[in-house]
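Next comes entry_38.cif, a file with mmCIF, C-alpha atoms and all ligand atoms.
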data_query
#
loop_
_atom_site.label_atom_id
_atom_site.label_comp_id
_atom_site.auth_asym_id
_atom_site.auth_seq_id
_atom_site.Cartn_x
_atom_site.Cartn_y
_atom_site.Cartn_z
CA MET A 1 10.70 -172.22 146.17
CA PHE A 2 6.98 -172.80 146.20
CA LYS A 3 4.90 -169.63 145.95
CA LYS A 4 1.75 -170.85 147.72
CA VAL A 5 2.04 -173.06 150.76
CA VAL A 6 -0.58 -174.56 153.06
CA LEU A 7 0.92 -175.22 156.49
CA ILE A 8 -0.92 -177.74 158.63
CA ILE A 9 -0.03 -177.51 162.31
CA SER A 10 -0.96 -180.61 164.30
CA GLY A 11 -0.97 -181.18 168.05
CA GLY A 12 2.55 -181.63 169.33
CA ILE A 13 4.83 -179.57 171.54
CA ALA A 14 6.91 -178.66 168.48
CA ALA A 15 3.96 -176.56 167.23
CA TYR A 16 5.75 -173.53 168.69
CA LYS A 17 8.49 -174.01 166.07
CA SER A 18 5.90 -173.76 163.30
CA LEU A 19 5.45 -170.09 164.16
CA GLU A 20 9.05 -169.51 163.10
CA LEU A 21 8.41 -171.60 159.98
CA ILE A 22 5.53 -169.30 158.98
CA ARG A 23 7.88 -166.33 159.33
CA LEU A 24 10.59 -167.98 157.24
CA ILE A 25 8.19 -169.01 154.46
CA LYS A 26 6.77 -165.44 154.35
CA LYS A 27 10.30 -164.06 154.06
CA THR A 28 10.68 -165.90 150.74
CA GLU A 29 7.65 -163.88 149.55
CA ALA A 30 5.51 -166.99 149.36
CA GLU A 31 1.90 -166.90 150.55
CA VAL A 32 1.12 -169.19 153.45
CA LYS A 33 -2.33 -170.27 154.61
CA CYS A 34 -2.46 -172.16 157.90
CA VAL A 35 -4.69 -174.95 159.13
CA ALA A 36 -4.56 -176.10 162.75
CA THR A 37 -5.97 -179.26 164.26
CA GLU A 38 -8.01 -178.95 167.46
CA ALA A 39 -5.08 -180.46 169.36
CA ALA A 40 -2.63 -177.93 167.89
CA LEU A 41 -4.60 -175.13 169.56
CA GLU A 42 -3.59 -176.57 172.94
CA PHE A 43 -0.03 -175.52 172.05
CA VAL A 44 -0.28 -172.34 169.92
CA THR A 45 -2.90 -169.62 169.59
CA PRO A 46 -4.89 -168.65 166.50
CA ALA A 47 -3.97 -164.99 167.04
CA THR A 48 -0.22 -165.63 166.70
CA ILE A 49 -0.68 -167.79 163.62
CA GLU A 50 -2.94 -165.22 161.96
CA HIS A 51 -0.65 -162.29 162.74
CA LEU A 52 2.39 -164.10 161.34
CA SER A 53 0.70 -165.48 158.22
CA GLY A 54 -1.54 -162.47 157.55
CA GLU A 55 -4.33 -164.93 156.68
CA PRO A 56 -7.32 -166.27 158.62
CA LEU A 57 -6.57 -169.58 160.31
CA ARG A 58 -8.72 -172.54 159.22
CA ILE A 59 -9.58 -175.09 161.88
CA SER A 60 -12.99 -176.59 161.32
CA LEU A 61 -14.21 -178.66 158.43
CA HIS A 62 -17.69 -177.52 159.24
CA ASP A 63 -17.16 -173.79 158.81
CA ARG A 64 -20.44 -172.80 157.12
CA ASP A 65 -19.09 -169.62 155.52
CA GLU A 66 -16.16 -171.48 153.97
CA GLU A 67 -17.93 -174.66 153.08
CA ILE A 68 -20.74 -172.97 151.19
CA LYS A 69 -18.11 -172.77 148.42
CA MET A 70 -16.53 -176.17 149.29
CA GLY A 71 -13.67 -174.40 151.04
CA HIS A 72 -11.74 -177.55 151.90
CA ILE A 73 -11.54 -178.63 148.26
CA GLU A 74 -10.53 -175.11 147.22
CA LEU A 75 -7.84 -175.14 149.87
CA ALA A 76 -6.60 -178.54 148.70
CA ARG A 77 -6.24 -177.18 145.14
CA TRP A 78 -4.82 -173.77 145.99
CA PRO A 79 -1.21 -174.41 147.13
CA ASP A 80 1.92 -175.52 145.29
CA ALA A 81 2.72 -177.68 148.33
CA ILE A 82 1.27 -178.75 151.68
CA VAL A 83 3.56 -178.90 154.69
CA VAL A 84 2.59 -180.66 157.91
CA ALA A 85 4.78 -179.36 160.75
CA PRO A 86 4.75 -180.74 163.29
CA ALA A 87 3.27 -183.95 161.93
CA THR A 88 1.95 -185.98 164.86
CA ALA A 89 1.83 -189.76 164.95
CA ASN A 90 -1.93 -189.36 164.75
CA ILE A 91 -2.03 -187.26 161.60
CA ILE A 92 0.55 -189.45 159.83
CA SER A 93 -1.30 -192.65 160.69
CA SER A 94 -4.68 -191.12 159.79
CA MET A 95 -3.28 -190.03 156.45
CA ALA A 96 -1.78 -193.46 155.73
CA ASN A 97 -5.19 -194.99 156.35
CA GLY A 98 -7.06 -192.50 154.21
CA LEU A 99 -9.01 -190.95 157.10
CA ALA A 100 -10.77 -187.62 156.80
CA ASN A 101 -11.92 -186.86 160.31
CA ASP A 102 -11.13 -183.14 160.35
CA LEU A 103 -10.13 -180.34 158.00
CA ALA A 104 -6.39 -181.18 158.09
CA GLN A 105 -6.91 -184.86 157.31
CA THR A 106 -9.50 -184.10 154.63
CA LEU A 107 -7.14 -181.68 152.87
CA LEU A 108 -4.36 -184.26 152.88
CA LEU A 109 -6.69 -186.84 151.36
CA ALA A 110 -8.11 -184.44 148.78
CA THR A 111 -4.92 -182.83 147.54
CA THR A 112 -2.84 -183.85 144.54
CA LYS A 113 -0.05 -181.41 145.47
CA PRO A 114 3.36 -182.37 146.92
CA ILE A 115 3.17 -183.14 150.64
CA TYR A 116 6.03 -182.51 153.08
CA LEU A 117 5.85 -184.05 156.55
CA ALA A 118 8.01 -182.92 159.47
CA PRO A 119 7.31 -185.60 162.10
CA ALA A 120 7.71 -184.82 165.81
CA MET A 121 6.99 -187.27 168.58
CA ASN A 122 8.34 -189.32 171.43
CA VAL A 123 11.05 -191.78 170.37
CA ARG A 124 8.98 -194.85 171.31
CA MET A 125 6.08 -193.61 169.20
CA TRP A 126 8.52 -193.00 166.34
CA GLU A 127 10.00 -196.50 166.62
CA ASN A 128 6.64 -198.25 166.90
CA PRO A 129 6.48 -200.69 163.96
CA ILE A 130 2.81 -199.94 163.28
CA PHE A 131 3.64 -196.25 162.99
CA GLN A 132 6.72 -196.98 160.82
CA GLY A 133 4.53 -199.11 158.53
CA ASN A 134 2.14 -196.18 158.14
CA LEU A 135 5.01 -193.81 157.39
CA SER A 136 6.41 -196.20 154.75
CA LEU A 137 3.04 -196.20 152.98
CA LEU A 138 3.14 -192.42 152.77
CA LYS A 139 6.73 -192.40 151.53
CA GLU A 140 5.82 -194.91 148.83
CA SER A 141 2.97 -192.67 147.76
CA GLY A 142 5.46 -189.81 147.31
CA ALA A 143 5.21 -187.73 150.50
CA ALA A 144 8.55 -186.19 151.46
CA VAL A 145 9.59 -186.78 155.05
CA ILE A 146 11.88 -184.22 156.67
CA GLY A 147 13.61 -185.44 159.82
CA PRO A 148 12.97 -186.10 162.61
CA GLU A 149 16.22 -185.35 164.42
CA GLU A 150 17.93 -187.08 167.30
CA GLY A 151 18.16 -185.32 170.64
CA GLU A 152 16.61 -184.67 173.99
CA MET A 153 12.82 -184.59 174.01
CA ALA A 154 10.32 -182.57 175.98
CA CYS A 155 9.35 -185.82 177.78
CA GLY A 156 12.92 -186.24 179.07
CA GLU A 157 13.82 -189.21 176.81
CA TYR A 158 16.60 -189.15 174.23
CA GLY A 159 16.40 -190.36 170.65
CA LEU A 160 14.89 -189.74 167.22
CA GLY A 161 11.72 -187.70 167.27
CA ARG A 162 12.55 -184.00 167.52
CA MET A 163 11.05 -181.94 164.74
CA SER A 164 13.65 -180.60 162.28
CA GLU A 165 14.48 -176.93 162.69
CA PRO A 166 12.29 -174.56 160.64
CA SER A 167 15.34 -173.52 158.56
CA LYS A 168 15.89 -177.14 157.52
CA ILE A 169 12.21 -177.53 156.62
CA LEU A 170 12.45 -174.37 154.53
CA ASP A 171 15.58 -175.70 152.77
CA ASN A 172 13.58 -178.75 151.77
CA LEU A 173 10.77 -176.62 150.38
CA LYS A 174 13.34 -174.85 148.24
CA LYS A 175 14.50 -178.15 146.74
CA LYS A 176 13.49 -179.21 143.33
CA LYS A 177 11.16 -182.06 144.10
CA LEU A 178 12.85 -184.95 142.39
CA LYS A 179 10.46 -187.77 143.12
CA ALA A 180 13.11 -190.37 142.49
CA LEU A 181 15.44 -189.20 145.24
CA ILE A 182 13.39 -187.16 147.70
CA ASN A 183 12.81 -190.07 150.11
CA LYS A 184 15.92 -192.06 149.40
CA LYS A 185 18.04 -192.57 152.49
CA ILE A 186 21.54 -191.62 151.49
CA LEU A 187 24.80 -192.22 153.35
CA VAL A 188 28.05 -190.44 152.56
CA THR A 189 31.29 -191.18 154.40
CA SER A 190 34.01 -188.59 154.24
CA GLY A 191 37.37 -187.38 155.54
CA PRO A 192 40.35 -189.26 156.95
CA THR A 193 40.52 -191.38 160.08
CA HIS A 194 42.96 -191.07 162.98
CA GLU A 195 44.54 -194.33 164.09
CA HIS A 196 46.01 -193.82 167.52
CA ILE A 197 49.58 -194.69 168.49
CA ASP A 198 49.28 -193.33 172.00
CA GLU A 199 47.04 -190.76 173.67
CA ILE A 200 48.32 -187.85 171.58
CA ARG A 201 49.84 -189.32 168.42
CA TYR A 202 48.06 -190.89 165.50
CA ILE A 203 48.50 -192.13 161.93
CA THR A 204 46.35 -190.40 159.32
CA ASN A 205 46.29 -189.41 155.63
CA LYS A 206 45.91 -186.31 153.47
CA SER A 207 42.13 -186.46 152.97
CA SER A 208 40.51 -183.05 153.66
CA GLY A 209 36.87 -184.18 153.57
CA LYS A 210 36.08 -181.57 150.88
CA GLN A 211 34.83 -184.01 148.25
CA GLY A 212 32.60 -185.98 150.63
CA ILE A 213 31.10 -182.84 152.13
CA GLU A 214 30.34 -181.43 148.67
CA ILE A 215 28.62 -184.70 147.74
CA ALA A 216 26.53 -184.66 150.94
CA ARG A 217 25.60 -181.00 150.30
CA SER A 218 24.68 -181.60 146.70
CA LEU A 219 22.53 -184.63 147.49
CA SER A 220 20.81 -182.74 150.32
CA GLU A 221 19.39 -180.45 147.64
CA VAL A 222 17.39 -183.34 146.19
CA SER A 223 16.90 -185.73 149.09
CA SER A 224 15.50 -185.03 152.53
CA ASP A 225 17.43 -187.86 154.20
CA VAL A 226 21.19 -187.57 153.86
CA THR A 227 23.59 -188.75 156.57
CA LEU A 228 27.25 -187.73 156.53
CA VAL A 229 29.63 -189.84 158.60
CA THR A 230 32.82 -187.84 158.79
CA GLY A 231 36.29 -188.36 160.16
CA PRO A 232 38.15 -185.42 161.76
CA VAL A 233 38.37 -182.49 159.31
CA ASN A 234 39.28 -178.82 159.52
CA ILE A 235 36.49 -177.44 157.37
CA ASP A 236 32.90 -176.46 158.15
CA LEU A 237 30.47 -179.35 158.27
CA PRO A 238 27.16 -178.90 156.46
CA ASP A 239 23.99 -178.19 158.44
CA CYS A 240 21.70 -179.41 155.66
CA CYS A 241 22.01 -183.08 156.61
CA ARG A 242 22.50 -185.38 159.59
CA VAL A 243 26.17 -185.41 160.59
CA ILE A 244 27.84 -188.17 162.62
CA ARG A 245 31.42 -187.37 163.66
CA VAL A 246 33.88 -190.19 164.22
CA GLU A 247 37.60 -190.39 164.70
CA THR A 248 38.87 -193.89 163.96
CA ALA A 249 38.15 -196.49 161.27
CA MET A 250 36.56 -198.72 163.92
CA GLU A 251 34.21 -195.89 164.93
CA MET A 252 33.34 -195.19 161.28
CA HIS A 253 32.60 -198.87 160.73
CA GLU A 254 30.29 -198.93 163.72
CA ALA A 255 28.55 -195.67 162.75
CA VAL A 256 27.94 -196.87 159.19
CA LEU A 257 26.56 -200.25 160.24
CA ASN A 258 24.47 -198.96 163.13
CA SER A 259 23.03 -195.69 161.85
CA GLY A 260 20.24 -197.33 159.83
CA ASP A 261 19.54 -198.87 156.45
CA TYR A 262 20.31 -196.82 153.37
CA ASP A 263 19.11 -196.85 149.75
CA ILE A 264 22.27 -195.24 148.44
CA ALA A 265 25.70 -195.33 150.08
CA ILE A 266 28.74 -193.41 148.87
CA PHE A 267 32.05 -194.20 150.50
CA VAL A 268 34.29 -191.20 149.98
CA ALA A 269 36.22 -191.43 153.27
CA ALA A 270 39.91 -192.31 153.18
CA VAL A 271 39.71 -194.90 155.93
CA GLY A 272 42.94 -196.05 157.54
CA ASP A 273 43.65 -199.62 156.40
CA TRP A 274 45.51 -200.49 159.58
CA ARG A 275 45.47 -199.55 163.23
CA VAL A 276 48.05 -199.95 165.96
CA LYS A 277 47.53 -203.21 167.81
CA ASN A 278 48.50 -202.02 171.26
CA ILE A 279 47.69 -198.34 171.73
CA SER A 280 49.82 -197.01 174.57
CA THR A 281 48.12 -195.22 177.40
CA GLY A 282 49.64 -191.81 178.04
CA LYS A 283 52.46 -190.55 175.79
CA ILE A 284 55.27 -192.88 174.72
CA LYS A 285 58.41 -191.21 176.13
CA LYS A 286 61.40 -190.57 173.92
CA THR A 287 64.39 -191.29 176.11
CA GLU A 288 68.05 -191.60 175.15
CA ALA A 289 68.07 -195.26 176.06
CA THR A 290 65.10 -196.50 174.06
CA LYS A 291 64.93 -197.06 170.33
CA PRO A 292 61.87 -195.90 168.34
CA PRO A 293 58.84 -198.01 169.27
CA ASP A 294 57.99 -201.05 167.15
CA LEU A 295 54.44 -200.45 166.07
CA GLU A 296 52.55 -203.60 165.26
CA LEU A 297 49.73 -202.85 162.84
CA ILE A 298 46.56 -204.85 162.38
CA GLU A 299 43.93 -204.59 159.67
CA ASN A 300 40.88 -202.39 160.14
CA PRO A 301 37.46 -203.69 159.11
CA ASP A 302 36.65 -203.09 155.44
CA ILE A 303 33.61 -200.80 155.66
CA LEU A 304 32.76 -200.86 151.96
CA LYS A 305 32.93 -204.65 151.82
CA SER A 306 30.86 -205.02 155.01
CA VAL A 307 28.07 -202.91 153.53
CA CYS A 308 28.25 -204.63 150.11
CA SER A 309 27.81 -208.02 151.74
CA LYS A 310 24.85 -207.01 153.96
CA ARG A 311 21.68 -209.02 153.29
CA HIS A 312 19.69 -205.83 152.76
CA ARG A 313 22.40 -203.87 151.02
CA PRO A 314 21.73 -200.38 149.62
CA GLU A 315 20.37 -200.34 146.07
CA LEU A 316 23.37 -198.34 144.91
CA ILE A 317 26.81 -198.52 146.49
CA ILE A 318 29.57 -196.26 145.24
CA GLY A 319 33.16 -196.70 146.38
CA PHE A 320 35.97 -194.19 145.91
CA ALA A 321 39.43 -195.33 144.88
CA ALA A 322 42.42 -193.05 145.33
CA GLU A 323 45.23 -194.59 143.32
CA THR A 324 48.80 -193.51 142.65
CA ASP A 325 49.33 -195.92 139.70
CA ASN A 326 47.23 -197.93 137.25
CA VAL A 327 44.17 -195.95 138.26
CA ILE A 328 41.62 -197.66 136.00
CA LYS A 329 42.97 -201.17 136.40
CA ASN A 330 43.04 -200.95 140.19
CA ALA A 331 39.63 -199.31 140.37
CA LYS A 332 38.10 -202.07 138.21
CA LYS A 333 39.64 -204.63 140.55
CA LYS A 334 38.11 -202.81 143.52
CA LEU A 335 34.66 -202.84 141.88
CA LYS A 336 34.79 -206.65 141.55
CA LYS A 337 36.52 -207.44 144.83
CA LYS A 338 34.26 -205.35 147.05
CA GLY A 339 31.01 -205.99 145.20
CA CYS A 340 30.03 -202.33 144.83
CA ASP A 341 28.09 -200.95 141.86
CA TRP A 342 30.27 -198.04 140.81
CA VAL A 343 33.75 -196.85 141.67
CA ILE A 344 34.86 -193.24 141.39
CA ALA A 345 38.59 -193.34 140.82
CA ASN A 346 41.10 -190.54 140.95
CA LYS A 347 44.85 -190.29 140.68
CA VAL A 348 46.46 -189.08 143.84
CA SER A 349 50.03 -187.83 143.78
CA LYS A 350 51.84 -184.67 144.75
CA ASP A 351 51.35 -183.43 141.16
CA THR A 352 47.58 -183.88 140.85
CA HIS A 353 46.68 -182.20 144.20
CA ASN A 354 43.41 -184.17 144.07
CA MET A 355 43.72 -185.30 147.67
CA GLY A 356 43.41 -182.33 149.98
CA GLY A 357 43.05 -179.82 147.11
CA ASP A 358 39.94 -178.01 145.81
CA ASN A 359 39.73 -179.78 142.45
CA ASN A 360 39.39 -183.35 141.35
CA GLU A 361 39.71 -185.32 138.13
CA VAL A 362 37.73 -188.53 138.28
CA PHE A 363 36.76 -191.63 136.33
CA LEU A 364 33.34 -193.14 136.94
CA ILE A 365 33.75 -196.87 136.59
CA LYS A 366 30.69 -199.02 136.08
CA GLU A 367 30.73 -202.66 135.07
CA GLU A 368 29.68 -201.82 131.52
CA LYS A 369 31.50 -198.52 130.93
CA ILE A 370 34.03 -195.96 132.09
CA ILE A 371 33.39 -192.21 131.95
CA HIS A 372 36.24 -189.72 132.32
CA TYR A 373 35.42 -186.26 133.69
CA LYS A 374 37.97 -183.53 133.16
CA LYS A 375 39.48 -181.74 136.14
CA SER A 376 36.93 -179.52 137.88
CA SER A 377 36.05 -178.20 141.32
CA LYS A 378 34.96 -180.71 143.94
CA ARG A 379 31.54 -179.02 143.94
CA GLU A 380 31.24 -179.67 140.20
CA VAL A 381 32.34 -183.29 140.64
CA ALA A 382 29.66 -183.68 143.33
CA LYS A 383 27.04 -182.40 140.87
CA ILE A 384 28.21 -184.82 138.17
CA ILE A 385 27.87 -187.73 140.58
CA ARG A 386 24.42 -186.48 141.63
CA GLU A 387 23.30 -186.32 137.99
CA GLU A 388 24.49 -189.89 137.41
CA ILE A 389 22.51 -191.05 140.45
CA ILE A 390 19.41 -189.19 139.27
CA LYS A 391 19.79 -190.85 135.85
CA LYS A 392 19.92 -194.25 137.49
CA PHE A 393 16.83 -193.74 139.60
CA GLY A 394 15.01 -191.86 136.82
CA ASP A 395 12.78 -188.85 137.40
C1 LIG B 401 1.51 -182.31 176.23
C2 LIG B 401 1.30 -183.16 175.01
C3 LIG B 401 2.27 -183.22 174.06
C4 LIG B 401 2.10 -184.01 172.92
N1 LIG B 401 3.09 -184.07 171.99
C5 LIG B 401 2.94 -184.86 170.91
C6 LIG B 401 3.97 -184.93 169.93
O1 LIG B 401 5.01 -184.27 170.03
N2 LIG B 401 3.79 -185.75 168.88
C7 LIG B 401 2.65 -186.51 168.72
O2 LIG B 401 2.57 -187.26 167.75
N3 LIG B 401 1.66 -186.44 169.63
C8 LIG B 401 1.77 -185.64 170.71
N4 LIG B 401 0.76 -185.56 171.64
C9 LIG B 401 -0.47 -186.33 171.40
C10 LIG B 401 -1.37 -185.62 170.39
O3 LIG B 401 -1.65 -184.31 170.82
C11 LIG B 401 -2.64 -186.43 170.18
O4 LIG B 401 -2.32 -187.67 169.57
C12 LIG B 401 -3.64 -185.70 169.35
O5 LIG B 401 -4.78 -186.51 169.19
C13 LIG B 401 -3.09 -185.33 167.99
O6 LIG B 401 -4.10 -184.75 167.22
P1 LIG B 401 -3.80 -184.14 165.77
O7 LIG B 401 -2.97 -185.12 165.04
O8 LIG B 401 -5.16 -184.01 165.17
O9 LIG B 401 -3.17 -182.81 165.97
C14 LIG B 401 0.92 -184.77 172.76
C15 LIG B 401 -0.07 -184.68 173.72
C16 LIG B 401 0.11 -183.88 174.84
C17 LIG B 401 -1.00 -183.81 175.88
#
Just give me the structure of the file as structure tokens.
Ligand SMILES: Cc1cc2nc3c(=O)[nH]c(=O)nc-3n(C[C@H](O)[C@H](O)[C@H](O)COP(=O)(O)O)c2cc1C
Amino acid sequence: MFKKVVLIISGGIAAYKSLELIRLIKKTEAEVKCVATEAALEFVTPATIEHLSGEPLRISLHDRDEEIKMGHIELARWPDAIVVAPATANIISSMANGLANDLAQTLLLATTKPIYLAPAMNVRMWENPIFQGNLSLLKESGAAVIGPEEGEMACGEYGLGRMSEPSKILDNLKKKKLKALINKKILVTSGPTHEHIDEIRYITNKSSGKQGIEIARSLSEVSSDVTLVTGPVNIDLPDCCRVIRVETAMEMHEAVLNSGDYDIAIFVAAVGDWRVKNISTGKIKKTEATKPPDLELIENPDILKSVCSKRHRPELIIGFAAETDNVIKNAKKKLKKKGCDWVIANKVSKDTHNMGGDNNEVFLIKEEKIIHYKKSSKREVAKIIREEIIKKFGD
């Protein structure tokens, strides 16, 4: 965790959440000095900020007492990191264009320290292509972007634009700042799918979701933009990343293709290959007279293949292959057939307990080499995969 943090509060409704953020940063025993824009003071008061931070609040660039010693440059040099929360559309766009109209903007231009932005704004502002272009410039220059989240907004609309919770912002400050991955958009699919027979019965498999969840958790420690698309599982879902819950393979397909573009996609989910063609409404009755129902199965869409053949495919696509026989041979076939970059293969049988259990023994299959990792916990396997990804993107 950083020991000295400058928190810039800009003028959005979410400024009230920054008060909690000050408290959380202080609890880690870090020092926090706050800067507010003029607009921020329409939403929160200097007295609250100063009481929580224990430091005088800086607002004006033209504070004669401070600026006699070039206070803004001192403040730009002082911290280990600068956090802007909430980050308004205005401050993000000003920053992307190198403006220095007030103390907050000047600090952001003058600093060489890591910058974390927690955007908060109306969904239309967020989606505006001019704004998105500005944000991309900042990401390319290395600023870490935390959130925003999807949900209801103060203006009554629904969508992306809510500031991330202070606890999530703090989690990001605790992360080792790996430049290579911090802004990579990462997708992890996980868990089984349920393929309905009727309203209460379904076909599924033994996947527990443990491996996928561990991978999403582990990557959330180094990236601020991880999305987990999960089928129905009976374990706790992480709160460190965006979670999209689905039930069927069709829903997972739709969620993966419509939840955005990703730089890295890891397909851990055990997706049902087939679904029942005609799902009965209600419950199929078992009566003396009828024989068991004939279930006609049809193929589900191949999610991995769909993503591999996208025009703007992720830079790195990793597929998982659970095999009962010929693990390596089948996994190599999968690598070629689907067009993914790596396959993580494991042997699944009632003896290995890999599927559903707490441990896993995997082979990482790349076109040029195969690496075997001995049996270890799913958390450990997640770390190994993370290290391989970090190696690829270099840091
Ligand atoms: C009630 C109200 C709420 C606002 N909420 C936001 C917001 O959540 N996000 C945002 O980007 N701008 C918001 N604005 C607009 C900004 O306050 C405005 O762009 C301002 O110039 C930002 O200045 P700053 O970036 O220097 O703080 C809001 C304005 C008002 C009047």
Query - Local residues around (2.4, -194.9, 161.9), at most 9 Å away, using only C-alpha atoms, as number ranges by chain - result: A: 89-94, 96, 125-126, 128-136
Requested in this report: All residues within 8 Å of ligand LIG 401 (chain B) are required, counting only C-alpha atoms and all ligand atoms; please report them as a list in words.
Outcome: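 Using only C-alpha atoms and all ligand atoms, I find these residues within 8 Å of ligand LIG 401 (chain B): Ile9, Ser10, Gly11, Gly12, Ile13, Ala14, Ala36, Thr37, Glu38, Ala39, Ala40, Pro86, Ala87, Thr88, Ala89, Asn90, Ile91, Ile92, Asp102, Ala104, Pro119, Ala120, Met121, Asn122, Met125 and Arg162 of chain A.
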Query raised in the report: Using all atoms listed in the file, which of A:Lys383, A:Thr111, A:Ile68, A:Arg245 sits nearest Arg217 (chain A)?
Result: A:Lys383
Requested in this report: Excluding Arg201 (chain A) and any residue of its chain fewer than 5 positions from it, enumerate the residues within 12 Å of it, using only C-alpha atoms, and give them as a list in words.
Outcome: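 Using only C-alpha atoms, the neighbours found are His194, Glu195, His196, Val276, Ile279, Ser280, Thr281, Gly282, Lys283, Ile284 and Lys285 of chain A.
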Query raised in the report: So, counting only C-alpha atoms, which residue among A:Pro314, A:Gly156, A:Gly319, A:Gly142 is closest to Thr189 (chain A)?
Result: A:Gly319
Report task. Please provide as a list in words all residues within 6 Å of Gly159 (chain A), with the sequence filter that same-chain residues fewer than 5 positions apart are discarded (counting all atoms listed in the file). Result ->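 Surrounding residues, per the criterion: Val123, Glu150 and Gly151 of chain A.
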Report task. Would you list the residues near (1.0, -173.8, 150.1), meaning any protein, DNA or RNA residue with an atom at most 12 Å from that point in file coordinates, counting only C-alpha atoms, as a PyMOL selection string? Result -> chain A and resi 1-8+22+25-26+29-35+53+74-84+107+111+113-116+173
Query raised in the report: Please, what distance in Å, to one decimal, runs between CA of Gly147 (chain A) and CA of Met163 (chain A)?
Result: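 That distance, rounded to one decimal, is 6.6 Å.
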Query raised in the report: In Å, how far is it from CA of Cys241 (chain A) to CA of Val226 (chain A)?
Result: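 Between CA of Cys241 (chain A) and CA of Val226 (chain A) the gap works out to 5.3 Å.
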Query raised in the report: Using all atoms listed in the file, which residue out of A:Asp261, A:Arg242, A:Ser218, A:His62 lies closest to Pro148 (chain A)?
Result: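 Under the stated criterion, the closest residue is A:Arg242.
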Report summary line: From CA of Cys308 (chain A) to CA of Gly339 (chain A) the spacing works out at 5.8 Å
Query raised in the report: Smallest atom-to-atom distance to Gln211 (chain A): which of A:Glu152, A:Glu380, A:Glu20, A:Glu199, using all atoms listed in the file?
Result: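 Using all atoms listed in the file, Gln211 (chain A) sits closest to A:Glu380.
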Report task. Return the single residue from A:Glu251, A:Lys378, A:Glu157, A:Tyr262 that is closest to Gly209 (chain A), with distances computed using all atoms listed in the file. Result ->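 Under the stated criterion, the closest residue is A:Lys378.
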Query - Distance query Gly231 (chain A) at most 8 Å, all atoms listed in the file, self and fewer than 3 positions along chain excluded, as JSON, numbers by chain - result: {"A": [190, 191, 192, 193, 194, 209, 245, 246, 247, 248, 252, 269]}
Query raised in the report: Between A:Val348, A:Ile303, A:Ala154, A:Val243, which has the minimum distance to Val271 (chain A) (counting all atoms listed in the file)?
Result: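 Between A:Val348, A:Ile303, A:Ala154, A:Val243, the residue approaching Val271 (chain A) most closely is A:Ile303.
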Spatial neighbours of Phe320 (chain A), 6 Å, only C-alpha atoms, chain gap at least 5 places, as an mmCIF file with C-alpha atoms, keeping the file's coordinate frame:
data_model
loop_
_atom_site.group_PDB
_atom_site.id
_atom_site.type_symbol
_atom_site.label_atom_id
_atom_site.label_comp_id
_atom_site.auth_asym_id
_atom_site.auth_seq_id
_atom_site.Cartn_x
_atom_site.Cartn_y
_atom_site.Cartn_z
ATOM 1 C CA VAL A 268 34.290 -191.200 149.980
ATOM 2 C CA VAL A 343 33.750 -196.850 141.670
ATOM 3 C CA ILE A 344 34.860 -193.240 141.390
ATOM 4 C CA ALA A 345 38.590 -193.340 140.820
#
Neighbour list for Ile371 (chain A) as a JSON list (two decimals) with C-alpha atoms, keeping the file's coordinate frame, cut-off 10 Å, only C-alpha atoms, skip fewer than 6 positions in-chain:
[["chain", "number", "residue", "atom", "x", "y", "z"],
["A", 344, "ILE", "CA", 34.86, -193.24, 141.39],
["A", 362, "VAL", "CA", 37.73, -188.53, 138.28],
["A", 363, "PHE", "CA", 36.76, -191.63, 136.33],
["A", 364, "LEU", "CA", 33.34, -193.14, 136.94],
["A", 365, "ILE", "CA", 33.75, -196.87, 136.59]]
